[in-house]
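Here is the file data.cif (mmCIF, C-alpha atoms).
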data_query
loop_
_atom_site.label_atom_id
_atom_site.label_comp_id
_atom_site.auth_asym_id
_atom_site.auth_seq_id
_atom_site.Cartn_x
_atom_site.Cartn_y
_atom_site.Cartn_z
CA MET A 1 0.00 0.00 0.00
CA ASN A 2 1.24 3.45 -0.90
CA ALA A 3 2.64 5.40 2.06
CA GLN A 4 0.70 8.48 1.01
CA LEU A 5 -2.68 6.79 1.49
CA LEU A 6 -3.74 7.86 4.95
CA THR A 7 -6.96 7.20 6.79
CA ALA A 8 -8.48 9.40 9.46
CA ARG A 9 -7.86 6.63 12.01
CA GLN A 10 -4.13 6.49 11.21
CA LEU A 11 -3.84 10.23 11.85
CA GLY A 12 -5.76 9.97 15.14
CA LEU A 13 -8.85 11.68 13.76
CA VAL A 14 -12.51 10.78 14.18
CA SER A 15 -14.94 11.68 11.40
CA CYS A 16 -18.40 12.82 12.57
CA HIS A 17 -21.04 10.47 11.19
CA ASP A 18 -23.53 13.27 10.59
CA CYS A 19 -21.60 16.37 9.50
CA ARG A 20 -18.22 14.81 8.59
CA LEU A 21 -16.20 17.19 10.73
CA LEU A 22 -12.81 15.70 11.68
CA ILE A 23 -12.04 15.78 15.39
CA GLU A 24 -8.88 14.66 17.19
CA ALA A 25 -9.28 11.35 19.02
CA GLN A 26 -8.08 12.73 22.39
CA GLN A 27 -10.82 15.36 22.29
CA VAL A 28 -13.37 12.63 21.56
CA HIS A 29 -12.35 10.69 24.68
CA ALA A 30 -12.95 13.76 26.83
CA HIS A 31 -16.20 14.82 25.19
CA PRO A 32 -17.80 12.30 22.79
CA HIS A 33 -20.06 14.78 20.99
CA CYS A 34 -19.40 16.65 17.76
CA PRO A 35 -18.61 20.32 18.48
CA ARG A 36 -20.26 21.37 15.21
CA CYS A 37 -23.50 19.36 15.06
CA GLY A 38 -23.82 17.69 18.49
CA ALA A 39 -23.91 14.09 17.18
CA HIS A 40 -22.44 11.27 19.27
CA LEU A 41 -18.92 10.52 18.05
CA HIS A 42 -17.25 7.15 17.59
CA LEU A 43 -14.26 5.98 15.55
CA ARG A 44 -16.32 3.10 14.12
CA LYS A 45 -20.01 2.30 14.59
CA PRO A 46 -20.25 0.68 18.07
CA ASN A 47 -20.47 -3.14 18.13
CA SER A 48 -21.05 -3.05 14.40
CA LEU A 49 -20.47 -6.75 13.69
CA ALA A 50 -22.45 -8.12 16.66
CA ARG A 51 -25.41 -5.82 16.01
CA THR A 52 -25.48 -6.58 12.32
CA TRP A 53 -25.32 -10.34 12.96
CA ALA A 54 -28.19 -10.13 15.44
CA LEU A 55 -30.36 -8.15 13.02
CA VAL A 56 -29.50 -10.46 10.11
CA TRP A 57 -30.59 -13.50 12.16
CA ALA A 58 -33.81 -11.76 13.22
CA ALA A 59 -34.58 -10.92 9.58
CA LEU A 60 -33.86 -14.50 8.46
CA ILE A 61 -36.30 -15.83 11.07
CA CYS A 62 -39.05 -13.38 10.01
CA LEU A 63 -38.45 -14.24 6.35
CA VAL A 64 -39.92 -17.74 6.85
CA PRO A 65 -43.46 -16.78 8.01
CA ALA A 66 -43.37 -13.82 5.60
CA ASN A 67 -43.15 -16.23 2.68
CA LEU A 68 -45.30 -19.09 3.99
CA LEU A 69 -48.28 -17.25 5.53
CA PRO A 70 -50.91 -15.40 3.45
CA MET A 71 -50.20 -11.77 2.54
CA THR A 72 -53.79 -10.97 1.56
CA ILE A 73 -57.12 -12.68 2.22
CA THR A 74 -59.70 -11.99 -0.49
CA THR A 75 -63.39 -12.60 0.17
CA ALA A 76 -65.57 -12.65 -2.95
CA LEU A 77 -69.20 -13.76 -2.81
CA GLY A 78 -68.67 -15.97 0.19
CA THR A 79 -65.48 -17.72 -0.92
CA LYS A 80 -62.21 -16.92 0.79
CA GLN A 81 -58.85 -16.99 -0.94
CA ALA A 82 -55.50 -16.56 0.79
CA ASP A 83 -52.52 -15.38 -1.25
CA THR A 84 -48.86 -15.63 -0.29
CA ILE A 85 -46.19 -13.43 -1.87
CA MET A 86 -45.22 -16.14 -4.34
CA SER A 87 -48.80 -17.04 -5.28
CA GLY A 88 -49.35 -13.34 -6.04
CA VAL A 89 -46.37 -13.40 -8.40
CA ILE A 90 -47.69 -16.56 -10.08
CA TYR A 91 -51.16 -14.99 -10.42
CA PHE A 92 -49.67 -11.98 -12.25
CA MET A 93 -47.60 -14.21 -14.52
CA GLN A 94 -50.63 -16.30 -15.48
CA SER A 95 -52.85 -13.29 -16.05
CA GLY A 96 -50.27 -11.95 -18.51
CA SER A 97 -48.95 -8.93 -16.62
CA TRP A 98 -45.40 -10.18 -16.40
CA GLU A 99 -44.06 -6.64 -15.78
CA VAL A 100 -45.94 -6.48 -12.50
CA ALA A 101 -44.93 -10.06 -11.69
CA THR A 102 -41.29 -8.99 -12.17
CA VAL A 103 -41.69 -5.90 -9.97
CA ILE A 104 -43.22 -7.94 -7.13
CA PHE A 105 -40.73 -10.78 -7.49
CA VAL A 106 -37.72 -8.46 -7.49
CA ALA A 107 -38.98 -6.21 -4.67
CA SER A 108 -40.44 -8.87 -2.38
CA ILE A 109 -38.36 -11.98 -2.93
CA PHE A 110 -35.11 -11.20 -4.74
CA VAL A 111 -34.11 -7.95 -2.97
CA PRO A 112 -34.63 -9.11 0.66
CA CYS A 113 -32.81 -12.40 0.01
CA ALA A 114 -29.97 -10.77 -1.94
CA LYS A 115 -29.61 -8.09 0.72
CA LEU A 116 -29.33 -10.64 3.52
CA LEU A 117 -26.86 -12.76 1.54
CA ILE A 118 -24.68 -9.72 0.80
CA LEU A 119 -24.70 -8.67 4.46
CA ILE A 120 -23.77 -12.20 5.57
CA TYR A 121 -20.98 -12.27 2.98
CA LEU A 122 -19.65 -8.87 4.13
CA LEU A 123 -19.79 -9.93 7.80
CA LEU A 124 -17.93 -13.16 7.05
CA SER A 125 -15.36 -11.38 4.88
CA VAL A 126 -14.54 -9.00 7.76
CA ARG A 127 -14.56 -11.90 10.25
CA PHE A 128 -12.04 -13.89 8.17
CA ARG A 129 -10.02 -10.75 7.36
CA SER A 130 -10.46 -11.06 3.62
CA ALA A 131 -8.26 -8.79 1.50
CA TRP A 132 -10.09 -9.67 -1.70
CA ARG A 133 -11.46 -6.73 -3.75
CA PRO A 134 -12.34 -4.35 -0.89
CA ARG A 135 -13.55 -1.71 -3.35
CA ASP A 136 -16.12 -4.04 -4.88
CA ARG A 137 -17.26 -5.11 -1.43
CA THR A 138 -17.78 -1.45 -0.50
CA VAL A 139 -19.86 -1.02 -3.66
CA LEU A 140 -21.93 -4.07 -2.60
CA TYR A 141 -22.51 -2.36 0.75
CA ARG A 142 -23.68 0.87 -0.89
CA LEU A 143 -26.03 -1.24 -3.02
CA THR A 144 -27.66 -2.87 0.02
CA GLU A 145 -28.11 0.56 1.59
CA LEU A 146 -29.79 1.85 -1.57
CA VAL A 147 -32.19 -0.93 -2.58
CA GLY A 148 -33.64 -1.99 0.80
CA ARG A 149 -36.44 0.57 0.82
CA TRP A 150 -37.92 -0.71 -2.45
CA SER A 151 -39.02 -3.93 -0.76
CA MET A 152 -41.81 -1.95 0.90
CA VAL A 153 -43.76 -2.03 -2.40
CA ASP A 154 -45.74 -5.11 -1.40
CA ILE A 155 -46.78 -3.58 1.92
CA TYR A 156 -48.10 -0.52 0.10
CA VAL A 157 -49.97 -2.65 -2.45
CA VAL A 158 -51.74 -4.40 0.44
CA THR A 159 -52.53 -1.03 2.06
CA ILE A 160 -54.11 0.28 -1.15
CA LEU A 161 -56.04 -2.93 -1.84
CA VAL A 162 -57.41 -2.97 1.69
CA ALA A 163 -58.54 0.64 1.29
CA LEU A 164 -60.19 0.19 -2.11
CA VAL A 165 -61.83 -3.20 -1.93
CA ARG A 166 -64.38 -2.87 0.87
CA LEU A 167 -67.65 -3.93 -0.72
CA GLY A 168 -68.84 -6.05 2.21
CA ALA A 169 -70.20 -9.43 1.14
CA ILE A 170 -69.48 -8.90 -2.56
CA ALA A 171 -65.74 -8.41 -2.32
CA ALA A 172 -63.30 -7.47 0.42
CA ILE A 173 -59.54 -7.74 0.84
CA GLU A 174 -57.91 -8.07 4.24
CA ALA A 175 -54.21 -7.95 5.10
CA GLY A 176 -52.86 -11.38 6.12
CA PRO A 177 -50.38 -12.15 8.91
CA ALA A 178 -47.45 -12.34 6.46
CA ALA A 179 -47.73 -8.57 5.90
CA VAL A 180 -46.54 -7.95 9.46
CA TYR A 181 -43.60 -10.38 9.16
CA PHE A 182 -42.65 -9.01 5.76
CA ALA A 183 -42.69 -5.43 7.04
CA ALA A 184 -40.49 -6.61 9.91
CA VAL A 185 -38.00 -8.12 7.42
CA VAL A 186 -37.77 -4.82 5.52
CA VAL A 187 -37.36 -2.68 8.64
CA ILE A 188 -34.87 -5.04 10.30
CA THR A 189 -32.69 -5.36 7.18
CA MET A 190 -32.65 -1.56 6.84
CA PHE A 191 -31.36 -1.32 10.42
CA ALA A 192 -28.88 -4.13 9.72
CA ALA A 193 -27.43 -2.32 6.71
CA GLU A 194 -27.17 0.85 8.77
CA SER A 195 -25.40 -0.83 11.68
CA PHE A 196 -22.70 -2.37 9.46
CA ASP A 197 -19.64 -0.16 9.18
CA PRO A 198 -18.02 -0.53 5.72
CA ARG A 199 -14.80 0.99 7.05
CA LEU A 200 -14.20 -2.34 8.82
CA ILE A 201 -13.64 -3.89 5.37
CA TRP A 202 -10.70 -1.51 4.87
CA ASP A 203 -9.44 -1.69 8.45
CA VAL A 204 -8.63 -5.39 8.23
CA VAL A 205 -6.97 -4.92 4.84
CA GLU A 206 -4.74 -2.15 6.24
CA GLU A 207 -3.91 -4.04 9.43
CA ASP A 208 -2.81 -7.16 7.55
CA VAL A 209 -0.52 -5.40 5.05
CA MET B 1 -3.26 2.60 -8.97
CA ASN B 2 -5.53 0.65 -11.24
CA SER B 3 -8.87 1.81 -9.85
CA HIS B 4 -7.71 5.39 -10.27
CA SER B 5 -7.28 5.18 -14.01
CA THR B 6 -10.36 3.03 -14.65
CA SER B 7 -12.70 5.29 -12.74
CA ARG B 8 -11.33 8.35 -14.47
CA HIS B 9 -11.81 6.60 -17.77
CA ARG B 10 -15.38 5.58 -16.96
CA HIS B 11 -16.49 8.95 -15.56
CA PRO B 12 -14.71 11.64 -17.52
CA GLN B 13 -16.83 14.34 -15.82
CA HIS B 14 -15.61 13.30 -12.36
CA ARG B 15 -12.44 14.91 -11.16
CA LEU B 16 -10.71 12.85 -8.52
CA PRO B 17 -9.78 14.48 -5.22
CA GLU B 18 -6.22 15.11 -4.19
CA ARG B 19 -4.68 12.73 -1.73
CA ALA B 20 -4.19 13.79 1.86
CA GLU B 21 -0.77 14.43 3.32
CA PRO B 22 0.17 14.04 7.02
CA ALA B 23 0.82 17.78 7.38
CA ASP B 24 -2.90 18.46 6.87
CA ALA B 25 -3.85 17.04 10.27
CA ALA B 26 -3.41 20.36 12.05
CA ALA B 27 -5.61 22.26 9.60
CA CYS B 28 -8.47 19.80 9.86
CA ALA B 29 -10.78 21.81 12.12
CA SER B 30 -11.54 24.49 9.54
CA GLY B 31 -14.03 22.83 7.21
CA HIS B 32 -14.61 25.69 4.84
CA ARG B 33 -16.15 25.11 1.47
CA THR B 34 -14.51 27.77 -0.63
CA GLU B 35 -11.00 26.76 0.37
CA PRO B 36 -9.61 23.22 0.32
CA PHE B 37 -10.83 21.18 3.29
CA LEU B 38 -10.11 17.75 4.70
CA VAL B 39 -12.71 15.06 4.76
CA ALA B 40 -12.64 11.33 5.59
CA CYS B 41 -14.49 9.01 3.22
CA PRO B 42 -17.64 7.77 5.04
CA ASN B 43 -17.25 4.32 3.46
CA CYS B 44 -13.51 3.62 3.82
CA ASP B 45 -12.07 6.35 6.12
CA LEU B 46 -9.46 7.53 3.58
CA LEU B 47 -8.53 11.18 4.06
CA HIS B 48 -8.89 13.58 1.16
CA ARG B 49 -8.10 17.22 0.76
CA LEU B 50 -11.00 18.49 -1.32
CA ALA B 51 -10.70 21.61 -3.40
CA PRO B 52 -14.17 22.20 -4.91
CA GLN B 53 -13.89 23.74 -8.34
CA GLY B 54 -16.63 24.36 -10.90
CA ASP B 55 -19.24 21.65 -11.30
CA ALA B 56 -16.97 18.69 -10.55
CA THR B 57 -18.22 15.74 -8.51
CA LEU B 58 -15.46 14.45 -6.27
CA LEU B 59 -15.22 10.71 -5.63
CA CYS B 60 -13.23 8.77 -3.06
CA PHE B 61 -9.88 7.83 -4.55
CA ARG B 62 -10.01 4.35 -3.04
CA CYS B 63 -13.62 3.12 -2.85
CA GLY B 64 -15.51 5.44 -5.23
CA ALA B 65 -17.98 6.94 -2.71
CA VAL B 66 -19.24 10.43 -3.59
CA LEU B 67 -17.45 12.91 -1.33
CA TYR B 68 -18.60 16.20 -2.75
CA ARG B 69 -21.09 17.41 -5.34
CA ASP B 70 -21.37 20.96 -6.56
CA LYS B 71 -24.78 22.48 -5.66
CA PRO B 72 -25.27 25.99 -7.07
CA ASN B 73 -27.75 28.32 -5.24
CA SER B 74 -28.55 25.49 -2.84
CA ILE B 75 -30.37 27.61 -0.24
CA GLU B 76 -32.65 29.45 -2.70
CA ARG B 77 -33.43 26.29 -4.67
CA GLY B 78 -33.92 24.20 -1.56
CA LEU B 79 -36.32 26.72 -0.07
CA ALA B 80 -38.35 27.15 -3.26
CA LEU B 81 -38.68 23.40 -3.79
CA THR B 82 -39.55 22.76 -0.13
CA LEU B 83 -42.38 25.31 -0.27
CA THR B 84 -43.67 23.72 -3.49
CA ALA B 85 -43.50 20.30 -1.85
CA LEU B 86 -45.53 21.51 1.16
CA VAL B 87 -48.32 22.81 -1.09
CA LEU B 88 -48.40 19.52 -3.01
CA PHE B 89 -48.36 17.57 0.26
CA VAL B 90 -51.47 19.41 1.50
CA LEU B 91 -53.21 18.75 -1.85
CA SER B 92 -52.25 15.06 -1.74
CA ASN B 93 -53.75 14.59 1.69
CA CYS B 94 -57.00 16.54 1.20
CA PHE B 95 -58.32 15.39 -2.16
CA PRO B 96 -59.61 11.96 -3.25
CA PHE B 97 -56.82 9.53 -3.99
CA LEU B 98 -58.38 6.58 -5.82
CA ALA B 99 -61.95 5.49 -6.44
CA MET B 100 -63.15 2.05 -7.49
CA LYS B 101 -66.27 1.55 -9.61
CA SER B 102 -67.72 -1.93 -9.76
CA GLY B 103 -71.29 -2.76 -10.82
CA GLY B 104 -72.82 0.54 -9.72
CA LEU B 105 -70.90 0.66 -6.47
CA VAL B 106 -68.33 3.38 -5.97
CA GLN B 107 -65.68 3.17 -3.28
CA GLU B 108 -63.76 6.40 -2.82
CA THR B 109 -60.57 6.66 -0.79
CA ILE B 110 -58.11 9.29 0.33
CA LEU B 111 -54.41 8.70 1.03
CA LEU B 112 -55.06 7.83 4.68
CA THR B 113 -57.92 5.36 4.13
CA GLY B 114 -55.67 2.31 3.83
CA ILE B 115 -53.85 3.23 7.00
CA ARG B 116 -57.18 3.57 8.87
CA GLU B 117 -58.40 0.20 7.54
CA LEU B 118 -55.19 -1.59 8.59
CA TRP B 119 -55.56 -0.02 12.04
CA ASN B 120 -59.19 -1.20 12.32
CA GLU B 121 -58.17 -4.72 11.30
CA GLY B 122 -55.90 -4.90 14.32
CA MET B 123 -52.64 -4.30 12.45
CA GLN B 124 -51.68 -1.13 14.29
CA GLY B 125 -47.95 -1.65 13.85
CA LEU B 126 -48.26 -1.98 10.10
CA ALA B 127 -50.64 0.99 9.91
CA PHE B 128 -48.16 3.09 11.86
CA LEU B 129 -45.26 2.01 9.62
CA VAL B 130 -47.15 3.09 6.49
CA LEU B 131 -48.18 6.36 8.17
CA LEU B 132 -44.58 6.98 9.24
CA THR B 133 -42.94 6.25 5.89
CA CYS B 134 -45.48 7.96 3.61
CA VAL B 135 -46.82 10.86 5.69
CA LEU B 136 -44.94 11.68 8.89
CA VAL B 137 -41.32 11.39 7.70
CA PRO B 138 -41.86 13.40 4.48
CA LEU B 139 -43.76 16.05 6.45
CA ALA B 140 -41.03 16.22 9.09
CA GLN B 141 -38.41 16.56 6.35
CA MET B 142 -40.29 19.43 4.67
CA LEU B 143 -40.95 21.33 7.91
CA GLY B 144 -37.37 20.74 9.04
CA LEU B 145 -35.90 22.04 5.79
CA LEU B 146 -38.20 25.07 5.91
CA TYR B 147 -37.06 25.79 9.47
CA ILE B 148 -33.38 25.55 8.49
CA LEU B 149 -33.45 27.29 5.12
CA ALA B 150 -35.87 30.17 5.74
CA PRO B 151 -33.53 32.12 8.09
CA LEU B 152 -30.47 31.39 5.94
CA TYR B 153 -32.23 32.85 2.91
CA GLY B 154 -31.39 36.54 3.09
CA ASN B 155 -28.29 35.94 5.23
CA ARG B 156 -29.99 36.01 8.62
CA PRO B 157 -28.45 33.99 11.47
CA PRO B 158 -29.65 30.36 11.66
CA ALA B 159 -32.71 29.43 13.72
CA ARG B 160 -32.30 27.94 17.22
CA HIS B 161 -31.23 24.28 17.17
CA ALA B 162 -31.12 24.37 13.35
CA GLY B 163 -28.07 22.07 13.45
CA ARG B 164 -29.95 19.44 15.44
CA VAL B 165 -32.94 19.76 13.10
CA PHE B 166 -30.73 19.23 10.06
CA ARG B 167 -29.16 16.16 11.68
CA LEU B 168 -32.64 14.77 12.26
CA VAL B 169 -33.68 15.54 8.67
CA GLN B 170 -30.65 13.60 7.41
CA GLU B 171 -31.22 10.70 9.78
CA VAL B 172 -34.89 10.15 8.89
CA ALA B 173 -34.28 10.49 5.12
CA PRO B 174 -34.04 6.73 4.38
CA TRP B 175 -37.45 6.23 6.02
CA GLY B 176 -39.34 8.53 3.67
CA MET B 177 -40.70 6.15 1.02
CA MET B 178 -43.26 8.08 -0.99
CA GLU B 179 -41.73 6.95 -4.30
CA VAL B 180 -42.03 3.32 -3.27
CA PHE B 181 -45.67 3.97 -2.37
CA LEU B 182 -46.31 5.29 -5.89
CA ILE B 183 -44.96 2.04 -7.39
CA GLY B 184 -47.35 0.26 -4.99
CA VAL B 185 -50.22 2.34 -6.42
CA LEU B 186 -49.32 1.29 -9.97
CA VAL B 187 -49.15 -2.40 -9.01
CA ALA B 188 -52.51 -2.19 -7.20
CA LEU B 189 -54.06 -0.53 -10.28
CA VAL B 190 -52.94 -3.39 -12.52
CA LYS B 191 -54.15 -5.95 -9.98
CA LEU B 192 -57.63 -4.44 -9.69
CA GLY B 193 -57.85 -3.40 -13.34
CA HIS B 194 -59.15 -6.86 -14.20
CA MET B 195 -62.19 -6.70 -11.94
CA ALA B 196 -63.15 -3.05 -11.62
CA THR B 197 -62.66 0.45 -13.00
CA ILE B 198 -60.22 2.54 -10.98
CA VAL B 199 -60.58 6.32 -11.16
CA PRO B 200 -57.48 8.24 -10.12
CA GLY B 201 -58.18 11.40 -8.09
CA VAL B 202 -56.43 14.78 -7.96
CA SER B 203 -54.36 13.49 -5.10
CA VAL B 204 -52.62 10.79 -7.17
CA PHE B 205 -51.27 13.38 -9.59
CA SER B 206 -50.17 15.85 -6.92
CA PHE B 207 -48.54 12.93 -5.08
CA ALA B 208 -46.61 11.90 -8.19
CA VAL B 209 -45.35 15.47 -8.71
CA LEU B 210 -44.58 15.76 -4.99
CA ILE B 211 -42.13 12.85 -5.23
CA PHE B 212 -40.08 14.60 -7.91
CA VAL B 213 -40.20 17.99 -6.15
CA MET B 214 -39.18 16.39 -2.86
CA ALA B 215 -36.28 14.52 -4.49
CA ALA B 216 -35.17 17.75 -6.19
CA ALA B 217 -35.41 19.69 -2.91
CA TYR B 218 -33.34 17.11 -1.08
CA SER B 219 -30.68 16.81 -3.76
CA SER B 220 -30.37 20.59 -4.10
CA LEU B 221 -29.01 20.76 -0.55
CA ASP B 222 -25.32 21.33 -0.04
CA PRO B 223 -24.51 19.65 3.32
CA PRO B 224 -20.92 21.01 3.67
CA LEU B 225 -22.18 24.56 3.10
CA LEU B 226 -25.14 24.08 5.45
CA TRP B 227 -22.96 22.63 8.20
CA ASP B 228 -20.69 25.59 7.83
CA ARG B 229 -23.59 27.99 8.32
CA LEU B 230 -25.30 26.01 11.11
CA ASP B 231 -22.15 25.50 13.19
CA LEU B 232 -23.15 25.13 16.88
CA ARG B 233 -19.91 26.75 18.02
CA ARG B 234 -20.98 30.17 16.78
#
Take the structure in this file and express it as structure tokens.
Amino acid sequence: MNAQLLTARQLGLVSCHDCRLLIEAQQVHAHPHCPRCGAHLHLRKPNSLARTWALVWAALICLVPANLLPMTITTALGTKQADTIMSGVIYFMQSGSWEVATVIFVASIFVPCAKLLILIYLLLSVRFRSAWRPRDRTVLYRLTELVGRWSMVDIYVVTILVALVRLGAIAAIEAGPAAVYFAAVVVITMFAAESFDPRLIWDVVEEDV
Amino acid sequence: MNSHSTSRHRHPQHRLPERAEPADAAACASGHRTEPFLVACPNCDLLHRLAPQGDATLLCFRCGAVLYRDKPNSIERGLALTLTALVLFVLSNCFPFLAMKSGGLVQETILLTGIRELWNEGMQGLAFLVLLTCVLVPLAQMLGLLYILAPLYGNRPPARHAGRVFRLVQEVAPWGMMEVFLIGVLVALVKLGHMATIVPGVSVFSFAVLIFVMAAAYSSLDPPLLWDRLDLRR
């Protein structure tokens, strides 16, 4: 590694998470708040790996009922029909609107799974002090931060359906129990991505050189 | 370094920041925008001495994170767009959102109807999450930005606790999901299109415009400049 490449940590500086002011580490020990914006200061996000692992496990557990239980329960002229996330995707594919099937599949199944897999990979790569392509791993992290919110689409679809289809005995749509678990997956993975500190990827690379 | 040349090749409009030197450590406290300032990459902690010039976007030398983007007239633009967004927000919440016609029956809804129905079904947590992400967080962002930007427009001193308000606005930003909600509306329209006629209300259109105005307002902000003006130490 080039001697000119210096990190804030190597120079004894702490970067404020909120306003990016650089503060000397000794000052931070005495007073752990940013003098410019008042945010709590830390060299790295506290307990980043343990917190992220805990949240990843919680999300994995919620992912099971989210996919197995019904997302919506449709009542039409006395007959009840329960739809899971996947049966909704299949319904759209069969009725010919494959664009919508793709949107739901990507947002509700692919993105949450991919996001969890990426986080697990990043956690393991830091744990085993991988030095392999840190730049690409940082890009993967930025990706998980960016796409997580789009998984909420299915929750909003349910909200709108529940609002619109309220015709009593003729037709009504209710939210199923999976909606709660699925919302939990989205929220928990957003917190998990936030609690992971990508600077750890670079720390282990620098320490091992 | 390899990544250096490839990223310059791929983004000719991006000028890469200078590398930091050890001697800069002493000068770190003065984070002024018009003169070169030191900043650590939020993704990999590498120090850079940034010298903003023209309309260049400055990327991290090592991991490619965006470190600085030029934002001309950020306070005027931000304020104008925030005010527009507030007007659209009021429209979106007052007028009919969607109506469903099916065999002589008409079911009209506003933006909040779905949230109320989820609440009545016993899914209070879910109802609150939708309310938070589609109504409360965007509203808090707009009011917060108004509170911060209004005094700065016309060079008055910043409002009390404006720094804390801006921190809050930045922290809640990922939880504002109006654009995701709009995709949800489109999916629901296709789903119900087979069995009923859906009539979009005024609110749907103002909501769609609101998303773009809100995104423009947020991206017109210049955080380094704002932090300079909102400094708690003054």
For chain B, list the residues within 8 Å of chain A, counting all atoms listed in the file, and write the list as a short mmCIF file (atom, residue, chain, number, x, y, z; two decimals) with C-alpha atoms, keeping the file's coordinate frame.
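Final output, part.cif:
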data_model
loop_
_atom_site.label_atom_id
_atom_site.label_comp_id
_atom_site.auth_asym_id
_atom_site.auth_seq_id
_atom_site.Cartn_x
_atom_site.Cartn_y
_atom_site.Cartn_z
CA ARG B 19 -4.68 12.73 -1.73
CA ALA B 20 -4.19 13.79 1.86
CA GLU B 21 -0.77 14.43 3.32
CA PRO B 22 0.17 14.04 7.02
CA ALA B 25 -3.85 17.04 10.27
CA CYS B 28 -8.47 19.80 9.86
CA ALA B 29 -10.78 21.81 12.12
CA GLY B 31 -14.03 22.83 7.21
CA LEU B 38 -10.11 17.75 4.70
CA VAL B 39 -12.71 15.06 4.76
CA ALA B 40 -12.64 11.33 5.59
CA PRO B 42 -17.64 7.77 5.04
CA ASN B 43 -17.25 4.32 3.46
CA CYS B 44 -13.51 3.62 3.82
CA ASP B 45 -12.07 6.35 6.12
CA LEU B 46 -9.46 7.53 3.58
CA LEU B 47 -8.53 11.18 4.06
CA ARG B 62 -10.01 4.35 -3.04
CA CYS B 63 -13.62 3.12 -2.85
CA GLY B 64 -15.51 5.44 -5.23
CA LEU B 98 -58.38 6.58 -5.82
CA ALA B 99 -61.95 5.49 -6.44
CA MET B 100 -63.15 2.05 -7.49
CA GLN B 107 -65.68 3.17 -3.28
CA GLU B 108 -63.76 6.40 -2.82
CA THR B 109 -60.57 6.66 -0.79
CA THR B 113 -57.92 5.36 4.13
CA GLY B 114 -55.67 2.31 3.83
CA ILE B 115 -53.85 3.23 7.00
CA GLU B 117 -58.40 0.20 7.54
CA LEU B 118 -55.19 -1.59 8.59
CA GLU B 121 -58.17 -4.72 11.30
CA MET B 123 -52.64 -4.30 12.45
CA GLY B 125 -47.95 -1.65 13.85
CA LEU B 126 -48.26 -1.98 10.10
CA VAL B 130 -47.15 3.09 6.49
CA GLY B 163 -28.07 22.07 13.45
CA ARG B 164 -29.95 19.44 15.44
CA ARG B 167 -29.16 16.16 11.68
CA GLN B 170 -30.65 13.60 7.41
CA PRO B 174 -34.04 6.73 4.38
CA TRP B 175 -37.45 6.23 6.02
CA MET B 177 -40.70 6.15 1.02
CA VAL B 180 -42.03 3.32 -3.27
CA PHE B 181 -45.67 3.97 -2.37
CA ILE B 183 -44.96 2.04 -7.39
CA GLY B 184 -47.35 0.26 -4.99
CA VAL B 185 -50.22 2.34 -6.42
CA VAL B 187 -49.15 -2.40 -9.01
CA ALA B 188 -52.51 -2.19 -7.20
CA VAL B 190 -52.94 -3.39 -12.52
CA LYS B 191 -54.15 -5.95 -9.98
CA PRO B 223 -24.51 19.65 3.32
CA PRO B 224 -20.92 21.01 3.67
CA TRP B 227 -22.96 22.63 8.20
CA LEU B 230 -25.30 26.01 11.11
CA ASP B 231 -22.15 25.50 13.19
CA LEU B 232 -23.15 25.13 16.88
CA ARG B 233 -19.91 26.75 18.02
#
**Prompt:** Please, what distance in Å, to one decimal, runs between CA of Leu50 in chain B and CA of Ala25 in chain A?
**Reply:** 21.6 Å
Contacts of Val169 in chain B at 9 Å or less, counting all atoms listed in the file, minus same-chain residues fewer than 6 places along, as a tab-separated table (two decimals) with C-alpha atoms, in the frame of the given file?
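Printed below is result-v1.tsv as written:
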chain	number	residue	atom	x	y	z
B	137	VAL	CA	-41.32	11.39	7.70
B	140	ALA	CA	-41.03	16.22	9.09
B	141	GLN	CA	-38.41	16.56	6.35
B	142	MET	CA	-40.29	19.43	4.67
B	144	GLY	CA	-37.37	20.74	9.04
B	145	LEU	CA	-35.90	22.04	5.79
**Request:** Take CA of Ile188 in chain A and CA of Ala59 in chain A and report the distance between them in Å, one decimal.
**Result:**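 CA of Ala59 in chain A lies 5.9 Å from CA of Ile188 in chain A.
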Starting from the incomplete input, reconstruct N, CA and C atoms of range 68-74 of chain A and write that as a CSV table (one decimal), in the frame of the given file.
chain,number,residue,atom,x,y,z
A,68,LEU,N,-44.4,-17.9,3.9
A,68,LEU,CA,-45.3,-19.1,4.0
A,68,LEU,C,-46.7,-18.7,4.3
A,69,LEU,N,-46.9,-17.6,5.1
A,69,LEU,CA,-48.3,-17.2,5.5
A,69,LEU,C,-48.9,-16.4,4.4
A,70,PRO,N,-50.3,-16.2,4.5
A,70,PRO,CA,-50.9,-15.4,3.4
A,70,PRO,C,-50.7,-13.9,3.7
A,71,MET,N,-50.4,-13.2,2.5
A,71,MET,CA,-50.2,-11.8,2.5
A,71,MET,C,-51.6,-11.1,2.5
A,72,THR,N,-52.4,-11.5,1.6
A,72,THR,CA,-53.8,-11.0,1.6
A,72,THR,C,-54.8,-12.1,1.6
A,73,ILE,N,-56.0,-11.7,2.2
A,73,ILE,CA,-57.1,-12.7,2.2
A,73,ILE,C,-58.3,-12.0,1.5
A,74,THR,N,-58.7,-12.6,0.3
A,74,THR,CA,-59.7,-12.0,-0.5
A,74,THR,C,-61.0,-12.7,-0.3
